[in-house]
Amino acid sequence: MSFEGGDASGKSTQARRLVQALAARGTPVVLAREPGSTPLGERLRELLLAGETPPSPRAEALLFAAARAELVERLVRPALAAGVWVVLDRFADSSVAYQGAGLGLGADVVARLNDWATGGLLPDLTFLLDLPVDAADGRTSAADAIAGRGAAFRERVRQAYLELAAREPERVVVLDARKSPDTIEEEIWRRVGRWLEGGRSG
Ligand code: TYD
């Protein structure tokens, strides 16, 4: 399962809440964030988000992909193999939206890069917390170099996410991030329940 959305959309809160709810019902589960959650990934995160030495666009896409490859190899695949659920605060779709559309590298090329970096792994379900760009402006957010790229960038990111959801409606569930956290949590829990009833596990 993964959570996606713009900055200040509330996705990290919902990822945590889902992990707590799964753990409470006895499901083995691990939470990871991207970029990060491995020693190399956390180092790359510092480099990417500090904004001291902004990489060129292709280099930026490759660095996010490197963090993702490391996470999949070291954490995600071993967890899934052991029957542990993995909840990801951002995953491959972030790069399609931010580097593919935001930076203009192209959604298709970034999707191919993701595919290579992850060995073709995609979440079973992705929750997209959708927030209009002007609504996000009023919210406090942990500012990082990428979050500060301006309204036009963030609008491209948002549209790319919505296009992904339209293309893969079975996987990507769009949620209105302006609703209350409790309401959103209930919607997510219902959707996870339906997915489980569908006979899927893991
Ligand atoms: P995150 O820690 O989720 O911050 P926030 O909760 O403020 O959104 O993500 C860090 C930043 O990295 C965020 O601005 C989005 C960006 N990012 C990309 O540009 N590409 C990627 O592939 C990923 C995973 C994140």
# chains A, B, ... in the order shown; residues from 1 in each chain; ligands from 1
>>> closest_atom_pairs(of="region 29-55 of chain A", to="region 83-89 of chain A", cutoff="8 Å", atoms="only C-alpha atoms", output="tab-separated table")
residue	atom	partner	partner_atom	distance
A:Val29	CA	A:Trp85	CA	4.4
A:Val30	CA	A:Val86	CA	5.1
A:Leu31	CA	A:Val87	CA	4.9
A:Ala32	CA	A:Leu88	CA	5.0
A:Arg33	CA	A:Asp89	CA	4.5
A:Glu34	CA	A:Asp89	CA	6.2
>>> residues_near_ligand(ligand="ligand 1", cutoff="8 Å", atoms="only C-alpha atoms and all ligand atoms", output="VMD selection string")
chain A and resid 5 to 12 33 to 35 45 48 to 49 61 64 to 65 68 89 to 99 141 to 148
>>> write_last_selection(atoms="C-alpha atoms", output="PDB file, in the first residue's frame")
ATOM      1  CA  GLY A   5      -0.227  13.493  -2.630  1.00  0.00           C
ATOM      2  CA  GLY A   6       1.106  16.990  -2.600  1.00  0.00           C
ATOM      3  CA  ASP A   7       2.907  18.541   0.306  1.00  0.00           C
ATOM      4  CA  ALA A   8       0.704  19.166   3.344  1.00  0.00           C
ATOM      5  CA  SER A   9      -1.999  16.828   2.024  1.00  0.00           C
ATOM      6  CA  GLY A  10      -2.035  14.834   5.249  1.00  0.00           C
ATOM      7  CA  LYS A  11      -0.748  11.621   3.672  1.00  0.00           C
ATOM      8  CA  SER A  12       1.851  10.937   6.368  1.00  0.00           C
ATOM      9  CA  ARG A  33       8.969   6.750   3.857  1.00  0.00           C
ATOM     10  CA  GLU A  34      10.446   7.836   0.574  1.00  0.00           C
ATOM     11  CA  PRO A  35      13.051   8.907   0.068  1.00  0.00           C
ATOM     12  CA  ARG A  45      17.017  12.306   1.375  1.00  0.00           C
ATOM     13  CA  LEU A  48      17.784  15.891  -2.161  1.00  0.00           C
ATOM     14  CA  LEU A  49      15.741  17.947   0.286  1.00  0.00           C
ATOM     15  CA  ALA A  61      15.232  11.545 -10.985  1.00  0.00           C
ATOM     16  CA  PHE A  64      15.122   9.313  -6.153  1.00  0.00           C
ATOM     17  CA  ALA A  65      15.214   6.088  -8.177  1.00  0.00           C
ATOM     18  CA  ARG A  68      13.726   3.563  -4.236  1.00  0.00           C
ATOM     19  CA  ASP A  89       4.633   7.206   2.609  1.00  0.00           C
ATOM     20  CA  ARG A  90       5.313   8.013  -1.069  1.00  0.00           C
ATOM     21  CA  PHE A  91       6.562   5.581  -3.684  1.00  0.00           C
ATOM     22  CA  ALA A  92       7.074   5.344  -7.435  1.00  0.00           C
ATOM     23  CA  ASP A  93       4.131   7.608  -8.353  1.00  0.00           C
ATOM     24  CA  SER A  94       5.857  10.517  -6.584  1.00  0.00           C
ATOM     25  CA  SER A  95       8.629  10.453  -9.158  1.00  0.00           C
ATOM     26  CA  VAL A  96       6.169  10.264 -12.058  1.00  0.00           C
ATOM     27  CA  ALA A  97       4.371  13.321 -10.672  1.00  0.00           C
ATOM     28  CA  TYR A  98       7.293  15.417  -9.354  1.00  0.00           C
ATOM     29  CA  GLN A  99      10.129  14.583 -11.734  1.00  0.00           C
ATOM     30  CA  SER A 141       4.156  22.140   5.947  1.00  0.00           C
ATOM     31  CA  ALA A 142       7.691  21.037   6.645  1.00  0.00           C
ATOM     32  CA  ALA A 143       9.336  23.135   3.950  1.00  0.00           C
ATOM     33  CA  ASP A 144      11.924  21.402   1.796  1.00  0.00           C
ATOM     34  CA  ALA A 145      13.643  22.335  -1.423  1.00  0.00           C
ATOM     35  CA  ILE A 146      11.122  20.522  -3.595  1.00  0.00           C
ATOM     36  CA  ALA A 147       8.042  21.710  -1.710  1.00  0.00           C
ATOM     37  CA  GLY A 148       9.162  25.292  -2.392  1.00  0.00           C
TER      38      GLY A 148
END
>>> closest_residue(among="A:Val192, A:Leu80, A:Leu63, A:Leu162", to="Gly41 (chain A)", atoms="only C-alpha atoms")
A:Leu63
>>> atom_distance(atom1="CA of Thr126 (chain A)", atom2="CA of Glu4 (chain A)")
7.1 Å
>>> closest_residue(among="A:Arg158, A:Arg17, A:Arg74, A:Arg171", to="Leu125 (chain A)", atoms="only C-alpha atoms")
A:Arg171
>>> select_by_dssp(residues="chain A", states="alpha helix (DSSP H)", output="number ranges by chain")
A: 11-24, 39-50, 57-71, 77-81, 92-95, 107-118, 133-137, 151-167, 181-197
>>> closest_residue(among="A:Leu47, A:Ala67, A:Glu185, A:Leu196", to="Arg16 (chain A)", atoms="only C-alpha atoms")
A:Glu185
>>> atom_distance(atom1="CA of Leu128 (chain A)", atom2="CA of Ile184 (chain A)")
10.9 Å
>>> select_by_dssp(residues="region 45-177 of chain A", states="strand (DSSP E)", output="mmCIF file with C-alpha atoms, in the first residue's frame")
data_model
loop_
_atom_site.group_PDB
_atom_site.id
_atom_site.type_symbol
_atom_site.label_atom_id
_atom_site.label_comp_id
_atom_site.auth_asym_id
_atom_site.auth_seq_id
_atom_site.Cartn_x
_atom_site.Cartn_y
_atom_site.Cartn_z
ATOM 1 C CA TRP A 85 2.500 -5.656 4.971
ATOM 2 C CA VAL A 86 4.373 -2.601 3.778
ATOM 3 C CA VAL A 87 2.839 0.859 3.988
ATOM 4 C CA LEU A 88 4.794 3.462 2.038
ATOM 5 C CA ASP A 89 4.633 7.206 2.609
ATOM 6 C CA THR A 126 -2.387 3.594 -3.567
ATOM 7 C CA PHE A 127 -4.228 6.320 -1.674
ATOM 8 C CA LEU A 128 -3.943 9.698 -3.365
ATOM 9 C CA LEU A 129 -4.739 12.564 -1.019
ATOM 10 C CA ASP A 130 -5.826 15.190 -3.474
ATOM 11 C CA VAL A 172 -5.150 4.422 -7.226
ATOM 12 C CA VAL A 173 -7.907 5.639 -4.902
ATOM 13 C CA VAL A 174 -8.474 9.406 -4.937
ATOM 14 C CA LEU A 175 -9.457 10.964 -1.610
ATOM 15 C CA ASP A 176 -10.477 14.567 -0.990
#
>>> residues_around(residues="Leu75 (chain A)", least_positions_apart="3", cutoff="9 Å", atoms="only C-alpha atoms", output="PyMOL selection string")
chain A and resi 32+37-38+70-72+78-80+86
>>> write_last_selection(atoms="N, CA, C and O atoms", output="tab-separated table (two decimals), in the first residue's frame")
chain	number	residue	atom	x	y	z
A	32	ALA	N	7.28	2.76	5.92
A	32	ALA	CA	8.53	3.33	5.39
A	32	ALA	C	8.20	4.62	4.66
A	32	ALA	O	7.08	4.81	4.18
A	37	SER	N	14.27	5.63	4.87
A	37	SER	CA	13.99	4.33	5.52
A	37	SER	C	15.05	3.25	5.28
A	37	SER	O	14.85	2.11	5.67
A	38	THR	N	16.15	3.62	4.65
A	38	THR	CA	17.36	2.78	4.65
A	38	THR	C	18.49	3.76	4.93
A	38	THR	O	18.33	4.98	4.72
A	70	GLU	N	17.03	0.91	-3.46
A	70	GLU	CA	17.60	0.45	-2.19
A	70	GLU	C	16.48	0.02	-1.23
A	70	GLU	O	16.57	-1.02	-0.57
A	71	LEU	N	15.44	0.81	-1.16
A	71	LEU	CA	14.33	0.50	-0.26
A	71	LEU	C	13.65	-0.82	-0.65
A	71	LEU	O	13.35	-1.66	0.21
A	72	VAL	N	13.42	-0.99	-1.94
A	72	VAL	CA	12.75	-2.21	-2.40
A	72	VAL	C	13.60	-3.44	-2.09
A	72	VAL	O	13.10	-4.43	-1.57
A	78	PRO	N	12.05	-8.09	1.25
A	78	PRO	CA	12.18	-9.01	2.39
A	78	PRO	C	10.92	-9.02	3.27
A	78	PRO	O	10.48	-10.08	3.73
A	79	ALA	N	10.31	-7.85	3.48
A	79	ALA	CA	9.11	-7.79	4.31
A	79	ALA	C	7.97	-8.58	3.65
A	79	ALA	O	7.34	-9.44	4.29
A	80	LEU	N	7.73	-8.32	2.38
A	80	LEU	CA	6.63	-9.02	1.69
A	80	LEU	C	6.87	-10.53	1.68
A	80	LEU	O	5.93	-11.30	1.88
A	86	VAL	N	3.52	-3.79	3.86
A	86	VAL	CA	4.37	-2.60	3.78
A	86	VAL	C	3.49	-1.40	3.42
A	86	VAL	O	2.78	-1.44	2.42
>>> closest_residue(among="A:Ser56, A:Ser180, A:Gln14, A:Ser2", to="Val76 (chain A)", atoms="only C-alpha atoms")
A:Ser2
>>> decode(residues="region 162-175 of chain A", atoms="all heavy atoms", output="PDB file, in the first residue's frame")
ATOM      1  N   LEU A 162      -3.617  12.972 -10.780  1.00  0.00           N
ATOM      2  CA  LEU A 162      -5.007  12.684 -11.161  1.00  0.00           C
ATOM      3  C   LEU A 162      -5.057  11.868 -12.453  1.00  0.00           C
ATOM      4  O   LEU A 162      -5.912  10.994 -12.615  1.00  0.00           O
ATOM      5  CB  LEU A 162      -5.803  13.990 -11.288  1.00  0.00           C
ATOM      6  CG  LEU A 162      -6.028  14.716  -9.951  1.00  0.00           C
ATOM      7  CD1 LEU A 162      -6.671  16.092 -10.163  1.00  0.00           C
ATOM      8  CD2 LEU A 162      -6.887  13.875  -8.998  1.00  0.00           C
ATOM      9  N   GLU A 163      -4.111  12.140 -13.359  1.00  0.00           N
ATOM     10  CA  GLU A 163      -4.056  11.348 -14.591  1.00  0.00           C
ATOM     11  C   GLU A 163      -3.698   9.893 -14.288  1.00  0.00           C
ATOM     12  O   GLU A 163      -4.263   8.966 -14.871  1.00  0.00           O
ATOM     13  CB  GLU A 163      -3.025  11.934 -15.562  1.00  0.00           C
ATOM     14  CG  GLU A 163      -3.574  13.106 -16.353  1.00  0.00           C
ATOM     15  CD  GLU A 163      -2.479  13.919 -17.031  1.00  0.00           C
ATOM     16  OE1 GLU A 163      -1.430  13.343 -17.384  1.00  0.00           O
ATOM     17  OE2 GLU A 163      -2.678  15.144 -17.181  1.00  0.00           O
ATOM     18  N   LEU A 164      -2.753   9.710 -13.369  1.00  0.00           N
ATOM     19  CA  LEU A 164      -2.392   8.342 -12.955  1.00  0.00           C
ATOM     20  C   LEU A 164      -3.608   7.611 -12.410  1.00  0.00           C
ATOM     21  O   LEU A 164      -3.852   6.438 -12.723  1.00  0.00           O
ATOM     22  CB  LEU A 164      -1.343   8.405 -11.843  1.00  0.00           C
ATOM     23  CG  LEU A 164       0.118   8.281 -12.225  1.00  0.00           C
ATOM     24  CD1 LEU A 164       0.991   8.535 -11.004  1.00  0.00           C
ATOM     25  CD2 LEU A 164       0.388   6.882 -12.764  1.00  0.00           C
ATOM     26  N   ALA A 165      -4.368   8.311 -11.574  1.00  0.00           N
ATOM     27  CA  ALA A 165      -5.547   7.703 -10.961  1.00  0.00           C
ATOM     28  C   ALA A 165      -6.587   7.347 -12.023  1.00  0.00           C
ATOM     29  O   ALA A 165      -7.237   6.305 -11.948  1.00  0.00           O
ATOM     30  CB  ALA A 165      -6.144   8.651  -9.919  1.00  0.00           C
ATOM     31  N   ALA A 166      -6.715   8.205 -13.037  1.00  0.00           N
ATOM     32  CA  ALA A 166      -7.688   7.929 -14.101  1.00  0.00           C
ATOM     33  C   ALA A 166      -7.245   6.721 -14.919  1.00  0.00           C
ATOM     34  O   ALA A 166      -8.070   5.936 -15.400  1.00  0.00           O
ATOM     35  CB  ALA A 166      -7.837   9.157 -15.000  1.00  0.00           C
ATOM     36  N   ARG A 167      -5.941   6.581 -15.081  1.00  0.00           N
ATOM     37  CA  ARG A 167      -5.414   5.474 -15.885  1.00  0.00           C
ATOM     38  C   ARG A 167      -5.454   4.148 -15.128  1.00  0.00           C
ATOM     39  O   ARG A 167      -5.571   3.090 -15.704  1.00  0.00           O
ATOM     40  CB  ARG A 167      -3.974   5.789 -16.292  1.00  0.00           C
ATOM     41  CG  ARG A 167      -3.617   5.274 -17.668  1.00  0.00           C
ATOM     42  CD  ARG A 167      -2.215   5.690 -18.092  1.00  0.00           C
ATOM     43  NE  ARG A 167      -1.955   7.105 -17.909  1.00  0.00           N
ATOM     44  CZ  ARG A 167      -0.787   7.607 -17.488  1.00  0.00           C
ATOM     45  NH1 ARG A 167       0.205   6.819 -17.165  1.00  0.00           N
ATOM     46  NH2 ARG A 167      -0.628   8.911 -17.374  1.00  0.00           N
ATOM     47  N   GLU A 168      -5.283   4.221 -13.790  1.00  0.00           N
ATOM     48  CA  GLU A 168      -5.244   2.986 -12.992  1.00  0.00           C
ATOM     49  C   GLU A 168      -6.245   3.055 -11.834  1.00  0.00           C
ATOM     50  O   GLU A 168      -5.862   3.064 -10.669  1.00  0.00           O
ATOM     51  CB  GLU A 168      -3.837   2.779 -12.415  1.00  0.00           C
ATOM     52  CG  GLU A 168      -2.771   2.529 -13.456  1.00  0.00           C
ATOM     53  CD  GLU A 168      -1.424   2.271 -12.796  1.00  0.00           C
ATOM     54  OE1 GLU A 168      -1.264   1.234 -12.132  1.00  0.00           O
ATOM     55  OE2 GLU A 168      -0.549   3.128 -12.922  1.00  0.00           O
ATOM     56  N   PRO A 169      -7.538   3.122 -12.162  1.00  0.00           N
ATOM     57  CA  PRO A 169      -8.543   3.313 -11.106  1.00  0.00           C
ATOM     58  C   PRO A 169      -8.623   2.150 -10.114  1.00  0.00           C
ATOM     59  O   PRO A 169      -9.074   2.327  -8.992  1.00  0.00           O
ATOM     60  CB  PRO A 169      -9.852   3.468 -11.891  1.00  0.00           C
ATOM     61  CG  PRO A 169      -9.594   2.861 -13.220  1.00  0.00           C
ATOM     62  CD  PRO A 169      -8.134   3.022 -13.498  1.00  0.00           C
ATOM     63  N   GLU A 170      -8.209   0.966 -10.527  1.00  0.00           N
ATOM     64  CA  GLU A 170      -8.242  -0.181  -9.612  1.00  0.00           C
ATOM     65  C   GLU A 170      -7.217  -0.028  -8.492  1.00  0.00           C
ATOM     66  O   GLU A 170      -7.442  -0.442  -7.362  1.00  0.00           O
ATOM     67  CB  GLU A 170      -7.917  -1.475 -10.381  1.00  0.00           C
ATOM     68  CG  GLU A 170      -8.982  -1.885 -11.362  1.00  0.00           C
ATOM     69  CD  GLU A 170     -10.257  -2.293 -10.639  1.00  0.00           C
ATOM     70  OE1 GLU A 170     -10.181  -3.217  -9.816  1.00  0.00           O
ATOM     71  OE2 GLU A 170     -11.311  -1.668 -10.879  1.00  0.00           O
ATOM     72  N   ARG A 171      -6.072   0.556  -8.841  1.00  0.00           N
ATOM     73  CA  ARG A 171      -4.994   0.684  -7.859  1.00  0.00           C
ATOM     74  C   ARG A 171      -5.052   2.014  -7.110  1.00  0.00           C
ATOM     75  O   ARG A 171      -4.850   2.046  -5.899  1.00  0.00           O
ATOM     76  CB  ARG A 171      -3.628   0.548  -8.556  1.00  0.00           C
ATOM     77  CG  ARG A 171      -2.460   0.821  -7.605  1.00  0.00           C
ATOM     78  CD  ARG A 171      -1.126   0.544  -8.238  1.00  0.00           C
ATOM     79  NE  ARG A 171      -0.699   1.496  -9.243  1.00  0.00           N
ATOM     80  CZ  ARG A 171      -0.039   2.620  -8.974  1.00  0.00           C
ATOM     81  NH1 ARG A 171       0.259   2.953  -7.731  1.00  0.00           N
ATOM     82  NH2 ARG A 171       0.335   3.438  -9.967  1.00  0.00           N
ATOM     83  N   VAL A 172      -5.305   3.096  -7.825  1.00  0.00           N
ATOM     84  CA  VAL A 172      -5.150   4.422  -7.226  1.00  0.00           C
ATOM     85  C   VAL A 172      -6.513   4.966  -6.779  1.00  0.00           C
ATOM     86  O   VAL A 172      -7.405   5.191  -7.597  1.00  0.00           O
ATOM     87  CB  VAL A 172      -4.475   5.410  -8.208  1.00  0.00           C
ATOM     88  CG1 VAL A 172      -4.245   6.756  -7.517  1.00  0.00           C
ATOM     89  CG2 VAL A 172      -3.160   4.843  -8.735  1.00  0.00           C
ATOM     90  N   VAL A 173      -6.660   5.161  -5.491  1.00  0.00           N
ATOM     91  CA  VAL A 173      -7.907   5.639  -4.902  1.00  0.00           C
ATOM     92  C   VAL A 173      -7.740   7.126  -4.572  1.00  0.00           C
ATOM     93  O   VAL A 173      -6.864   7.500  -3.788  1.00  0.00           O
ATOM     94  CB  VAL A 173      -8.206   4.864  -3.599  1.00  0.00           C
ATOM     95  CG1 VAL A 173      -9.511   5.346  -2.975  1.00  0.00           C
ATOM     96  CG2 VAL A 173      -8.242   3.361  -3.862  1.00  0.00           C
ATOM     97  N   VAL A 174      -8.585   7.966  -5.172  1.00  0.00           N
ATOM     98  CA  VAL A 174      -8.474   9.406  -4.937  1.00  0.00           C
ATOM     99  C   VAL A 174      -9.335   9.793  -3.744  1.00  0.00           C
ATOM    100  O   VAL A 174     -10.516   9.454  -3.680  1.00  0.00           O
ATOM    101  CB  VAL A 174      -8.920  10.215  -6.175  1.00  0.00           C
ATOM    102  CG1 VAL A 174      -8.701  11.706  -5.944  1.00  0.00           C
ATOM    103  CG2 VAL A 174      -8.171   9.754  -7.416  1.00  0.00           C
ATOM    104  N   LEU A 175      -8.748  10.507  -2.805  1.00  0.00           N
ATOM    105  CA  LEU A 175      -9.457  10.964  -1.610  1.00  0.00           C
ATOM    106  C   LEU A 175      -9.367  12.481  -1.528  1.00  0.00           C
ATOM    107  O   LEU A 175      -8.315  13.055  -1.840  1.00  0.00           O
ATOM    108  CB  LEU A 175      -8.820  10.348  -0.360  1.00  0.00           C
ATOM    109  CG  LEU A 175      -8.839   8.815  -0.304  1.00  0.00           C
ATOM    110  CD1 LEU A 175      -7.770   8.309   0.642  1.00  0.00           C
ATOM    111  CD2 LEU A 175     -10.206   8.323   0.114  1.00  0.00           C
TER     112      LEU A 175
END
